[in-house]
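Here's structure02.cif, which has mmCIF, C-alpha atoms:
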```cif
data_final
loop_
_atom_site.label_atom_id
_atom_site.label_comp_id
_atom_site.auth_asym_id
_atom_site.auth_seq_id
_atom_site.Cartn_x
_atom_site.Cartn_y
_atom_site.Cartn_z
CA MET A 1 0.00 0.00 0.00
CA LYS A 2 2.84 2.31 0.98
CA LYS A 3 4.63 1.50 -2.28
CA LEU A 4 1.50 2.21 -4.30
CA HIS A 5 1.10 5.56 -2.60
CA MET A 6 4.71 6.45 -3.45
CA VAL A 7 4.23 5.51 -7.12
CA TRP A 8 1.14 7.73 -7.38
CA THR A 9 2.99 10.60 -5.70
CA ILE A 10 5.87 10.29 -8.16
CA LEU A 11 3.50 10.12 -11.13
CA ALA A 12 1.66 13.21 -9.92
CA CYS A 13 4.97 15.06 -9.58
CA LEU A 14 5.96 14.02 -13.09
CA LEU A 15 2.71 15.37 -14.48
CA ILE A 16 3.13 18.71 -12.74
CA LEU A 17 6.86 18.98 -13.50
CA PRO A 18 6.65 20.10 -17.15
CA ALA A 19 4.42 23.04 -16.35
CA PHE A 20 6.59 23.95 -13.38
CA LEU A 21 9.83 23.77 -15.35
CA ALA A 22 8.37 25.59 -18.36
CA ALA A 23 7.29 28.42 -16.10
CA GLU A 24 10.85 28.59 -14.74
CA VAL A 25 12.48 29.13 -18.15
CA ALA A 26 12.61 32.83 -18.85
CA PRO A 27 14.49 34.49 -21.70
CA PRO A 28 18.15 35.07 -20.79
CA ALA A 29 18.58 38.27 -18.83
CA GLU A 30 21.46 40.74 -19.02
CA GLY A 31 23.81 40.29 -16.08
CA GLU A 32 22.85 36.62 -15.76
CA LYS A 33 24.47 33.38 -16.94
CA LEU A 34 23.72 31.53 -20.16
CA PRO A 35 22.18 28.05 -19.84
CA ASP A 36 24.46 25.22 -20.91
CA ILE A 37 23.70 25.25 -24.62
CA ARG A 38 25.21 22.28 -26.41
CA LEU A 39 25.51 22.06 -30.15
CA ALA A 40 27.02 19.61 -32.62
CA ILE A 41 30.66 20.38 -33.41
CA PRO A 42 30.68 21.52 -37.04
CA ALA A 43 32.36 19.13 -39.47
CA ASP A 44 33.90 22.07 -41.31
CA ALA A 45 37.55 22.48 -40.23
CA GLY A 46 37.37 26.23 -40.87
CA TYR A 47 34.49 26.58 -38.43
CA GLN A 48 36.28 24.42 -35.85
CA LYS A 49 39.27 26.75 -36.12
CA TYR A 50 37.01 29.83 -35.92
CA LEU A 51 35.35 28.53 -32.75
CA GLY A 52 38.49 27.04 -31.23
CA ILE A 53 36.75 23.66 -30.93
CA LYS A 54 38.11 20.33 -32.12
CA GLY A 55 36.82 16.80 -32.66
CA ASP A 56 33.29 15.56 -33.07
CA GLY A 57 30.23 15.21 -30.87
CA ALA A 58 28.83 18.16 -28.99
CA PHE A 59 30.34 21.32 -27.53
CA SER A 60 29.09 23.99 -25.18
CA LEU A 61 28.75 27.57 -26.43
CA LEU A 62 30.78 28.56 -23.38
CA GLN A 63 33.74 26.62 -24.78
CA ILE A 64 34.15 29.08 -27.66
CA LYS A 65 37.54 30.67 -27.25
CA ALA A 66 36.84 34.39 -27.42
CA PRO A 67 36.23 37.21 -24.96
CA VAL A 68 32.88 37.97 -26.61
CA VAL A 69 30.43 35.58 -28.27
CA ILE A 70 27.35 36.85 -30.11
CA ILE A 71 24.49 34.39 -30.61
CA GLU A 72 21.78 35.02 -33.17
CA ILE A 73 18.58 33.02 -32.64
CA PHE A 74 16.91 32.87 -36.04
CA SER A 75 14.63 30.80 -38.25
CA MET A 76 14.52 30.52 -42.03
CA TYR A 77 10.74 30.77 -41.58
CA CYS A 78 10.97 34.17 -39.90
CA PRO A 79 10.39 37.16 -42.22
CA HIS A 80 12.44 39.53 -40.06
CA CYS A 81 15.37 37.07 -39.90
CA GLN A 82 15.31 36.91 -43.70
CA LYS A 83 15.20 40.69 -43.96
CA GLU A 84 17.99 41.16 -41.43
CA ALA A 85 20.34 38.49 -42.82
CA PRO A 86 22.36 40.97 -44.96
CA SER A 87 22.77 43.26 -41.97
CA VAL A 88 24.04 40.40 -39.77
CA ASN A 89 26.45 39.48 -42.58
CA ASP A 90 27.63 43.10 -42.53
CA LEU A 91 28.23 42.86 -38.78
CA PHE A 92 30.31 39.72 -39.32
CA SER A 93 32.32 41.40 -42.13
CA LYS A 94 33.03 44.40 -39.92
CA ILE A 95 34.32 42.11 -37.16
CA GLN A 96 36.42 39.98 -39.50
CA SER A 97 37.94 42.95 -41.30
CA SER A 98 39.18 44.46 -38.03
CA GLU A 99 42.53 43.07 -36.86
CA LYS A 100 41.63 44.37 -33.41
CA LEU A 101 38.28 42.56 -33.20
CA LYS A 102 38.36 39.42 -35.29
CA ASP A 103 39.97 37.18 -32.67
CA LYS A 104 38.00 38.71 -29.82
CA ILE A 105 34.42 38.43 -31.11
CA LYS A 106 32.85 35.26 -32.44
CA LEU A 107 29.41 35.12 -34.03
CA VAL A 108 27.17 32.05 -34.27
CA GLY A 109 23.59 31.54 -35.40
CA ILE A 110 21.11 28.94 -34.16
CA GLY A 111 18.17 28.07 -36.40
CA VAL A 112 15.38 27.21 -33.98
CA GLY A 113 12.97 24.60 -35.30
CA ASN A 114 15.09 24.44 -38.46
CA SER A 115 16.43 21.15 -39.78
CA PRO A 116 20.02 20.94 -41.07
CA PHE A 117 18.55 21.15 -44.61
CA GLU A 118 16.70 24.37 -43.74
CA VAL A 119 19.72 25.93 -42.02
CA ALA A 120 21.88 25.03 -45.04
CA TYR A 121 19.35 26.64 -47.38
CA PHE A 122 19.26 29.84 -45.32
CA LYS A 123 23.07 29.90 -45.26
CA LYS A 124 23.30 29.42 -49.03
CA THR A 125 20.57 31.95 -49.84
CA TYR A 126 22.23 34.73 -47.85
CA SER A 127 25.87 33.58 -48.24
CA VAL A 128 26.27 33.49 -44.47
CA GLN A 129 29.95 33.06 -43.59
CA PHE A 130 29.73 32.48 -39.83
CA PRO A 131 28.69 29.10 -38.36
CA LEU A 132 24.98 28.32 -38.26
CA PHE A 133 23.57 25.46 -36.22
CA SER A 134 20.35 23.49 -36.40
CA ASP A 135 18.02 23.27 -33.40
CA GLY A 136 15.44 21.16 -35.20
CA GLU A 137 13.64 19.96 -32.09
CA PHE A 138 13.50 23.37 -30.33
CA ILE A 139 15.78 22.14 -27.52
CA VAL A 140 17.90 25.31 -27.41
CA HIS A 141 14.77 27.37 -28.05
CA LYS A 142 13.19 25.95 -24.90
CA GLN A 143 16.40 26.52 -22.91
CA LEU A 144 16.18 30.17 -23.92
CA GLY A 145 12.57 30.66 -22.87
CA GLU A 146 11.13 30.28 -26.39
CA VAL A 147 12.16 33.76 -27.46
CA ARG A 148 10.72 35.22 -30.66
CA THR A 149 13.06 35.63 -33.62
CA PRO A 150 15.42 37.20 -34.42
CA TYR A 151 16.93 37.41 -30.94
CA PHE A 152 20.50 38.38 -30.10
CA ILE A 153 22.51 37.43 -27.05
CA GLY A 154 25.97 38.78 -26.20
CA ILE A 155 28.23 36.86 -23.82
CA LYS A 156 31.33 38.26 -22.14
CA ASN A 157 33.76 35.51 -21.18
CA HIS A 158 35.83 36.66 -18.20
CA LYS A 159 39.50 35.78 -17.64
CA ASN A 160 38.60 33.77 -14.54
CA GLY A 161 36.51 31.37 -16.64
CA SER A 162 33.10 32.76 -15.69
CA HIS A 163 30.84 34.67 -18.06
CA THR A 164 28.04 37.25 -18.11
CA ILE A 165 25.27 38.03 -20.56
CA PHE A 166 25.73 41.69 -21.50
CA TYR A 167 23.15 41.86 -24.30
CA SER A 168 19.84 40.04 -24.65
CA LYS A 169 17.28 41.59 -26.96
CA LEU A 170 14.46 40.68 -29.30
CA GLY A 171 14.63 42.11 -32.79
CA ALA A 172 17.25 43.21 -35.23
CA ILE A 173 20.42 45.05 -34.21
CA ALA A 174 19.43 48.55 -35.23
CA ASP A 175 22.93 49.84 -35.94
CA ASN A 176 25.98 47.61 -36.32
CA ASP A 177 28.50 50.37 -35.53
CA SER A 178 26.77 51.24 -32.25
CA PHE A 179 26.57 47.54 -31.42
CA LEU A 180 30.31 47.15 -32.04
CA LYS A 181 30.95 50.11 -29.73
CA LEU A 182 28.90 48.35 -27.06
CA ILE A 183 31.02 45.21 -27.55
CA GLN A 184 34.23 47.28 -27.49
CA ALA A 185 33.18 48.66 -24.11
CA GLN A 186 32.86 45.08 -22.86
CA LEU A 187 36.30 44.22 -24.23
CA ASN A 188 37.80 47.24 -22.47
CA LYS A 189 36.44 46.13 -19.09
CA MET B 1 10.35 0.27 -6.69
CA ARG B 2 14.05 1.06 -6.81
CA SER B 3 14.25 0.14 -10.48
CA PHE B 4 11.32 2.48 -11.19
CA LEU B 5 12.99 5.33 -9.31
CA ARG B 6 16.07 4.97 -11.50
CA PHE B 7 13.98 6.02 -14.51
CA VAL B 8 12.31 9.00 -12.85
CA PRO B 9 14.89 11.64 -13.96
CA ALA B 10 14.90 10.30 -17.53
CA ILE B 11 11.09 10.34 -17.70
CA ALA B 12 10.97 13.86 -16.24
CA ILE B 13 13.47 15.16 -18.82
CA LEU B 14 11.60 13.40 -21.62
CA ILE B 15 8.27 14.93 -20.59
CA PHE B 16 9.83 18.36 -20.28
CA TRP B 17 11.56 18.38 -23.64
CA THR B 18 8.67 16.87 -25.56
CA SER B 19 6.05 19.16 -24.05
CA GLY B 20 5.13 22.62 -25.22
CA PRO B 21 4.79 24.17 -28.63
CA ALA B 22 6.74 23.25 -31.75
CA PHE B 23 7.13 26.68 -33.26
CA ALA B 24 9.24 29.79 -33.00
CA LEU B 25 7.36 33.01 -33.52
CA SER B 26 8.83 35.72 -35.68
CA ASP B 27 8.99 39.23 -34.32
CA ALA B 28 7.28 40.21 -37.60
CA TYR B 29 3.89 39.38 -36.08
CA LYS B 30 4.49 41.21 -32.77
CA GLU B 31 1.79 40.15 -30.26
CA ASN B 32 -0.84 39.46 -32.93
CA ILE B 33 -0.74 35.67 -33.11
CA TYR B 34 -3.57 33.66 -31.62
CA ASN B 35 -2.39 30.40 -30.11
CA PRO B 36 -5.16 27.78 -30.07
CA GLY B 37 -2.93 25.38 -28.12
CA PRO B 38 -2.35 21.75 -29.08
CA LEU B 39 -5.01 20.36 -31.43
CA LYS B 40 -5.95 16.86 -32.51
CA PRO B 41 -3.10 16.08 -34.93
CA VAL B 42 -5.32 14.92 -37.83
CA ASP B 43 -9.11 15.20 -37.94
CA SER B 44 -10.21 14.12 -41.43
CA THR B 45 -9.88 11.29 -43.93
CA LEU B 46 -8.22 11.77 -47.30
CA LYS B 47 -10.50 11.51 -50.33
CA VAL B 48 -7.71 11.53 -52.89
CA LYS B 49 -5.05 8.96 -53.69
CA ALA B 50 -1.56 9.18 -55.14
CA GLY B 51 -1.50 7.90 -58.73
CA GLU B 52 -5.00 9.16 -59.52
CA PRO B 53 -6.05 12.45 -61.16
CA ALA B 54 -6.27 15.32 -58.67
CA PRO B 55 -9.72 16.98 -58.43
CA ASP B 56 -9.82 20.28 -60.27
CA PHE B 57 -10.89 23.45 -58.46
CA THR B 58 -11.10 27.19 -58.94
CA LEU B 59 -10.58 29.61 -56.06
CA PRO B 60 -10.23 33.38 -55.69
CA SER B 61 -6.69 34.56 -55.06
CA LEU B 62 -5.33 37.57 -53.23
CA ASP B 63 -4.31 39.31 -56.46
CA GLY B 64 -7.96 39.42 -57.58
CA ASN B 65 -7.75 36.61 -60.14
CA ALA B 66 -9.34 33.19 -59.92
CA VAL B 67 -6.86 30.32 -60.01
CA SER B 68 -7.70 26.82 -61.27
CA LEU B 69 -5.58 23.73 -60.81
CA SER B 70 -6.20 22.77 -64.44
CA GLN B 71 -4.56 25.95 -65.77
CA PHE B 72 -1.16 24.47 -64.88
CA ALA B 73 -1.73 21.19 -66.74
CA GLY B 74 1.09 20.49 -69.15
CA LYS B 75 2.99 23.54 -67.86
CA LYS B 76 3.98 23.20 -64.20
CA ASN B 77 4.17 20.73 -61.38
CA VAL B 78 1.89 22.01 -58.63
CA VAL B 79 2.47 21.93 -54.89
CA ILE B 80 -0.63 22.67 -52.82
CA SER B 81 -0.09 23.77 -49.24
CA PHE B 82 -3.27 23.67 -47.17
CA ILE B 83 -2.81 25.33 -43.82
CA PRO B 84 -5.37 25.52 -41.00
CA ALA B 85 -5.82 29.20 -40.19
CA ALA B 86 -4.39 32.68 -40.57
CA TRP B 87 -2.86 34.38 -37.52
CA THR B 88 -1.96 31.11 -35.79
CA PRO B 89 1.59 30.14 -34.74
CA VAL B 90 2.63 27.25 -36.98
CA CYS B 91 0.84 28.57 -40.07
CA SER B 92 2.54 31.95 -39.65
CA ASP B 93 5.81 30.03 -39.45
CA GLN B 94 5.29 27.99 -42.65
CA TRP B 95 4.64 30.17 -45.71
CA PRO B 96 7.44 32.71 -45.04
CA GLY B 97 9.84 29.77 -45.34
CA TYR B 98 8.24 28.71 -48.63
CA ASN B 99 8.62 32.31 -49.72
CA LEU B 100 12.36 32.08 -49.11
CA ALA B 101 12.48 28.64 -50.77
CA LYS B 102 11.17 29.98 -54.10
CA GLY B 103 14.32 28.77 -55.86
CA LEU B 104 13.80 25.21 -54.62
CA PHE B 105 10.30 25.09 -56.14
CA GLU B 106 11.33 26.79 -59.36
CA ALA B 107 14.26 24.39 -59.81
CA GLN B 108 11.65 21.61 -60.06
CA ASP B 109 9.47 23.57 -62.49
CA ALA B 110 6.80 23.86 -59.81
CA ILE B 111 4.28 26.45 -58.73
CA LEU B 112 3.07 26.58 -55.15
CA LEU B 113 -0.57 27.27 -54.30
CA GLY B 114 -1.27 28.27 -50.70
CA ILE B 115 -4.82 27.59 -49.53
CA THR B 116 -6.66 28.31 -46.29
CA VAL B 117 -10.37 28.48 -45.42
CA ASP B 118 -9.99 32.13 -44.32
CA ASN B 119 -11.60 34.92 -46.30
CA LEU B 120 -9.60 37.25 -48.57
CA PRO B 121 -9.51 40.29 -46.22
CA THR B 122 -8.04 38.16 -43.42
CA LEU B 123 -5.52 36.57 -45.78
CA TYR B 124 -4.55 40.00 -47.09
CA SER B 125 -3.78 41.41 -43.63
CA TRP B 126 -1.99 38.30 -42.49
CA THR B 127 0.23 37.64 -45.52
CA ARG B 128 1.32 41.30 -45.61
CA GLN B 129 3.30 40.55 -42.44
CA MET B 130 5.29 37.94 -44.38
CA GLY B 131 6.65 40.22 -47.11
CA ASN B 132 5.77 39.78 -50.77
CA LEU B 133 4.80 36.17 -51.30
CA TRP B 134 5.77 34.88 -54.75
CA PHE B 135 3.04 32.22 -54.85
CA PRO B 136 -0.75 32.61 -55.19
CA VAL B 137 -2.67 32.61 -51.91
CA LEU B 138 -6.17 31.21 -52.40
CA SER B 139 -9.24 31.51 -50.22
CA ASP B 140 -11.40 28.42 -49.72
CA PHE B 141 -13.78 30.43 -47.56
CA TRP B 142 -17.04 30.00 -49.47
CA PRO B 143 -18.64 27.54 -49.90
CA HIS B 144 -16.75 27.00 -46.72
CA GLY B 145 -13.82 24.61 -47.16
CA ALA B 146 -15.31 23.04 -50.31
CA VAL B 147 -11.92 22.41 -51.93
CA ALA B 148 -10.39 21.17 -48.68
CA ASP B 149 -13.35 18.80 -48.44
CA LYS B 150 -12.79 17.58 -52.04
CA PHE B 151 -9.29 16.52 -51.02
CA GLY B 152 -10.48 15.16 -47.67
CA VAL B 153 -8.61 17.65 -45.52
CA LEU B 154 -11.49 19.61 -43.97
CA ARG B 155 -11.50 19.14 -40.21
CA SER B 156 -14.63 18.85 -38.09
CA ASP B 157 -13.85 22.30 -36.61
CA GLY B 158 -14.04 23.93 -40.09
CA MET B 159 -10.30 24.44 -40.51
CA ALA B 160 -8.17 22.70 -43.12
CA GLU B 161 -5.49 20.21 -42.18
CA ARG B 162 -1.81 21.02 -42.49
CA ALA B 163 -1.52 19.11 -45.76
CA LEU B 164 0.76 19.03 -48.79
CA PHE B 165 -0.03 17.68 -52.24
CA ILE B 166 2.15 17.38 -55.32
CA ILE B 167 0.40 17.17 -58.69
CA ASP B 168 2.50 16.50 -61.78
CA LYS B 169 2.12 18.23 -65.12
CA SER B 170 -0.33 15.62 -66.35
CA GLY B 171 -2.64 16.35 -63.42
CA ILE B 172 -1.86 13.17 -61.51
CA LEU B 173 -1.54 13.37 -57.76
CA ARG B 174 1.95 12.14 -56.82
CA TYR B 175 2.16 12.95 -53.12
CA ALA B 176 -0.42 13.46 -50.40
CA LYS B 177 0.75 14.21 -46.89
CA VAL B 178 -1.52 15.18 -44.05
CA GLY B 179 0.83 16.12 -41.25
CA ASP B 180 0.35 16.82 -37.57
CA ILE B 181 -1.49 20.16 -37.44
CA ASN B 182 0.73 21.20 -34.51
CA ARG B 183 4.02 20.90 -36.43
CA ARG B 184 5.52 22.49 -39.51
CA PRO B 185 6.12 19.90 -42.24
CA ASP B 186 9.65 18.88 -43.14
CA LEU B 187 10.80 20.97 -46.10
CA GLU B 188 13.48 18.49 -47.13
CA GLU B 189 10.95 15.68 -47.59
CA LEU B 190 8.73 17.93 -49.70
CA ILE B 191 11.56 19.11 -51.94
CA ASN B 192 13.01 15.61 -52.36
CA THR B 193 9.60 14.26 -53.38
CA LEU B 194 9.09 17.16 -55.74
CA GLU B 195 12.48 16.46 -57.29
CA LYS B 196 11.51 12.81 -57.85
CA THR B 197 8.17 13.87 -59.38
CA ASN B 198 9.90 16.26 -61.74
CA SER B 199 12.62 13.79 -62.74
CA LYS B 200 9.99 11.23 -63.81
CA ARG B 201 8.80 13.54 -66.54
#
```

Would you give me this structure, written as structure tokens?
Amino acid sequence: MKKLHMVWTILACLLILPAFLAAEVAPPAEGEKLPDIRLAIPADAGYQKYLGIKGDGAFSLLQIKAPVVIIEIFSMYCPHCQKEAPSVNDLFSKIQSSEKLKDKIKLVGIGVGNSPFEVAYFKKTYSVQFPLFSDGEFIVHKQLGEVRTPYFIGIKNHKNGSHTIFYSKLGAIADNDSFLKLIQAQLNK
Amino acid sequence: MRSFLRFVPAIAILIFWTSGPAFALSDAYKENIYNPGPLKPVDSTLKVKAGEPAPDFTLPSLDGNAVSLSQFAGKKNVVISFIPAAWTPVCSDQWPGYNLAKGLFEAQDAILLGITVDNLPTLYSWTRQMGNLWFPVLSDFWPHGAVADKFGVLRSDGMAERALFIIDKSGILRYAKVGDINRRPDLEELINTLEKTNSKR
């Protein structure tokens, strides 16, 4: 009887748990930590070099070797993400063309609800040069509180190994130069 | 009991990750999307069969012209995308992707026809949030859902299913897929099937 009671209690907890956990997941807040987002290590050697990641399997976004990491949450099905793709490419070009910035800022995109096929099509259509990842089953999307797209997150990796979110906003980056100044201020800290 | 307890964390994680919506809303729609919540995945029975002629239809389109399936006979492969309702999450997340994928359809000599049971004014307001769609958007509003019903994709709640059909240039139905209404269909499967249809010609 006691065992039966325990089983029912556990089942009841399991039923309530999803709603409880879902309510707990809020979009990432500035000043807070990023959840442990794990992605497949890209097969492309150039991307591995860019990210400072080797091998196969999964890696954590916090393993990227750079003082600042910018994460774009996008979807090929999102009209604003499509419209903003050239502007994000421009941001990447500005970073890569600066000797001062290119090793200090890394940019990645995560296609939420997008299969590898869909991410590859988005990448090809807009000639995206930075690494894009597939989150086909919305796993990362749920970790990030199911934010709308596009959504940008900026991470500052500190010398002591910890990190802080310094930027977390829905919508396009209005002005790339101002955004780079904001990043520069983080780098100067 | 102990063996059951060992599985508790795994079950909890499974329930958590498989629960909740399967869509990501674009900022393009702001706060204007109505979320009906999870619906019965499929609520109709197909009336058409791959390998047989597709039923012809004529519907009003957003550009003011009537569009018939038969007008593409001998000219284009046709993909029909039925979606349940304007201003809902997954539907709002489907056609903008097809808009971007124009090249994938054109490469297979195909036209896409988007159909819902909404009326033209609603479709006009809604699709304007998506940018300029390259494909005709057709209203199956009146007689309500008559074309959806011809294909067997009219649900008991009056909405259409989330269904895809491929009709070849000779008017034969080559692919009929009624997917889970709560999930966006896999684009790769559609394009691969379209490619096979086109290569048979």

Taking all atoms listed in the file into account, report as an NGL selection string which residues of chain A lie within 8 Å of chain B. :A and (3 or 14 or 17-18 or 21-22 or 75-82 or 112-113 or 115 or 117-118 or 121 or 137-139 or 141-142 or 146-150 or 170-171)

For the atom pair CA of Tyr124 (chain B) and CA of Ile191 (chain B), what is the interatomic distance in Å to one decimal place? 26.8 Å

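Taking CA of Phe166 (chain A) as the reference point, CA of Lys54 (chain A) is found at 26.9 Å.
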
Could you tell me how far CA of Thr88 (chain B) sits from CA of Ser139 (chain B), in Å to one decimal place?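 Pair CA of Ser139 (chain B) / CA of Thr88 (chain B) returns 16.2 Å.
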
Expected answer as number ranges by chain: all residues with atoms within 12 Å of (29.1, 48.5, -38.4), all atoms listed in the file: A: 87-98, 173-183

Which residues are near Ile153 (chain A)? Cut-off 6 Å, all atoms listed in the file, ignore same chain within fewer than 6 positions. Put them as a compact mmCIF listing (two decimals) with C-alpha atoms, in the coordinates of the input.
```txt
# COMPACT_ATOMS: atom_id res chain seq x y z
CA ILE A 70 27.35 36.85 -30.11
CA ILE A 71 24.49 34.39 -30.61
CA TYR A 167 23.15 41.86 -24.30
CA SER A 168 19.84 40.04 -24.65
```

Contact residues around region 151-163 of chain B with all atoms listed in the file at 12 Å, ignoring same-chain residues under 6 positions, as a PyMOL selection string: chain B and resi 39-50+53-57+79-86+88+90-91+94-95+113-118+139-145+173+175-186+190

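Evaluating the PyMOL selection byres ((chain A and resi 165) around 10) against the shown model yields Pro28, Ala29, Glu30, Gly31, Glu32, Lys33, Leu34, Val68, Val69, Ile70, Ile153, Gly154, Ile155, Lys156, Asn157, His163, Thr164, Phe166, Tyr167 and Ser168 of chain A.
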
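Taking all atoms listed in the file into account, Ile33 (chain B) lies nearest to B:Pro89 out of the set B:Lys150, B:Pro89, B:Pro121, B:Lys200.
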
Which is closest to Phe135 (chain B) among B:Ile111, B:Leu59, B:Ala148, B:Leu194, if we use only C-alpha atoms?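 Smallest separation from Phe135 (chain B) among the options: B:Ile111.
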
Check what the PyMOL selection byres ((chain B and resi 68) around 8) selects in the file above and give those residues as a list of chain:residue names.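 Listing what the PyMOL selection byres ((chain B and resi 68) around 8) selects in the shown file: B:Asp56, B:Phe57, B:Thr58, B:Leu59, B:Ala66, B:Val67, B:Leu69, B:Ser70, B:Gln71, B:Phe72.
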
Take the residues from that selection and write them out as a tab-separated table (two decimals), in the frame of the given file, keeping C-alpha atoms.
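The resulting file, part-v9.tsv, is shown below:
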```
chain	number	residue	atom	x	y	z
B	56	ASP	CA	-9.82	20.28	-60.27
B	57	PHE	CA	-10.89	23.45	-58.46
B	58	THR	CA	-11.10	27.19	-58.94
B	59	LEU	CA	-10.58	29.61	-56.06
B	66	ALA	CA	-9.34	33.19	-59.92
B	67	VAL	CA	-6.86	30.32	-60.01
B	69	LEU	CA	-5.58	23.73	-60.81
B	70	SER	CA	-6.20	22.77	-64.44
B	71	GLN	CA	-4.56	25.95	-65.77
B	72	PHE	CA	-1.16	24.47	-64.88
```

For the provided coordinates, the residues matched by the PyMOL selection byres ((chain A and resi 52) around 12) should be stated as a ChimeraX atom specification. /A:41-42,45-51,53-55,59-66,103-104,106
